[in-house]
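See structure below.
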Amino acid sequence: MNDRPELAVLRLGHRPGRDNRMTTHVGLTARALGADRVIIAGDASEPKATIEDITARFGGPFGVELTDDHRRVLREWPGVVVHLTMYGLPVQELEGELRAEGRTAPVLVVVGAGKVPFDVYERADYNVAVTNQPHSEVAGLAVFLDRFFGGSELDREWRNATRRVVPKATGKELEPIDRE
C-alpha cells in the first residue's frame with residue numbers, strides 16, 4: 001500500500017464519554033483495514049490513547065491526531081474528500097472511480113457521529129453510501145475500505161509490533177515478536 005497517496009479518516013462529532021468506544025472502533029477499523037491515520041475532531045484523549053496502544057503492540061505505521069477544527073482539516077485537505085453517509089450514492093457504483101482517484105491524490109474519508117453539518121456534504125467530492133439504510137459508522141467504514149482497497153488491506157504487513165495473533169480454527173493465541 002506504499003505505492004499510493006495517503007488515506008486518512010476524519011472522525012466528526014466525537015462526544016466525550018458517550019462516543020469513546022465507537023470512536024475507538026472507528027480508529028481501530030481504519031488502522032486494521034488500510035488507512036494511514038485517523039484524525040478525531042473533538043476531545044478524544046481516551047480513544048487516542050487506546051488506538052496508539054494497539055498500534056504500539058500490534059504494529060503500524062498508523063497515526064492518531066486530534067483536532068478542534070474539522071472545517072480547517074476539510075478546507076486544507078490537498079486531495080479527494082469522501083463523506084460516508086447513508087444519503088450518498090452507492091459505493092458499488094463509485095468504487096472504481098474512487099480507487100482511480102486514490103492512486104493519484106490523498107483521500108480523506110469522513111465518518112460522522114450524530115448529525116453531520118451540511119457544509120460537510122457540500123465540501124465532499126463524493127457523498128458515498130455503503131447502504132441507504134441506517135447502520136453503524138464502523139460497519140460503513142469497514143465496507144468502504146475493503147471496497148476501496150479491493151481486499152489487499154487484508155494482507156498488510158505490520159512493522160514494529162511486539163506481538164501478533166496466531167490464526168487458529170478455535171481458541172485464541174498471541175505470540176511475542178522477537179525484534180532481533
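Identifiers in this document derive from the order of the C-alpha cells: chains are assigned A, B, ..., residues are numbered from 1 separately in each chain, and ligands are numbered from 1 in order of occurrence.
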
Which residues of stretch 22-71 of chain A come within 12 Å of stretch 114-120 of chain A, and for each one, what is the closest pair of atoms and their distance in Å to one decimal, counting only C-alpha atoms, sorted by chain and residue number, as a Markdown table?
| residue | atom | partner | partner_atom | distance |
| --- | --- | --- | --- | --- |
| A:Met22 | CA | A:Gly114 | CA | 11.6 |
| A:Thr23 | CA | A:Gly114 | CA | 11.9 |
| A:His70 | CA | A:Val120 | CA | 9.5 |
| A:Arg71 | CA | A:Val120 | CA | 8.2 |

Tell me which protein, DNA and RNA residues are within 8 Å of stretch 79-96 of chain A, counting only C-alpha atoms, leaving out same-chain ones fewer than 4 positions away, and put them as a PyMOL selection string. chain A and resi 74+100-102+105-112+120-121+123-134+140-141+144+147-148

Find the spatial neighbours of A:Leu33, counting only C-alpha atoms, within a cut-off of 7 Å - ignore same-chain residues fewer than 6 positions away - and output them as a short mmCIF file (atom, residue, chain, number, x, y, z; two decimals) with C-alpha atoms, in the first residue's frame.
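File produced: result-v1.cif:
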data_model
loop_
_atom_site.label_atom_id
_atom_site.label_comp_id
_atom_site.auth_asym_id
_atom_site.auth_seq_id
_atom_site.Cartn_x
_atom_site.Cartn_y
_atom_site.Cartn_z
CA ALA A 142 -15.10 -1.24 7.05
CA LEU A 145 -12.16 0.47 2.97
CA ASP A 146 -12.49 -3.11 1.77
CA GLU A 153 -5.57 -4.43 3.01
CA LEU A 154 -6.20 -7.89 4.49
#

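Proximity to A:Glu52 at 9 Å, evaluated using only C-alpha atoms and with sequence-adjacent residues fewer than 5 positions away removed, yields Pro47, Arg57, Phe62, Gly63 and Val64 of chain A.
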
Helix (DSSP H, G or I) per DSSP on the backbone: members of stretch 13-143 of chain A, as number ranges by chain: A: 20-32, 45-58, 70-76, 91-104, 118-123, 137-143

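Rounded to one decimal, atom CA of A:Arg164 and atom CA of A:Gly59 lie 8.6 Å from each other.
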
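Here atom CA of A:Leu28 and atom CA of A:Ile54 stand 8.1 Å from one another.
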
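Counting only C-alpha atoms and comparing A:Ala161, A:Ala49, A:Ile40, A:Ala30, the residue that lies closest to A:Val73 is A:Ile40.
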
May I have the residues within 10 Å of A:Leu66 as an NGL selection string, using only C-alpha atoms and disregarding those fewer than 6 positions away in the same chain? :A and (10-11 or 38-45 or 48)

Could you give me the residues within stretch 64-139 of chain A that DSSP places in strand (DSSP E), as a ChimeraX atom specification? /A:64-67,80-90,107-111,126-129
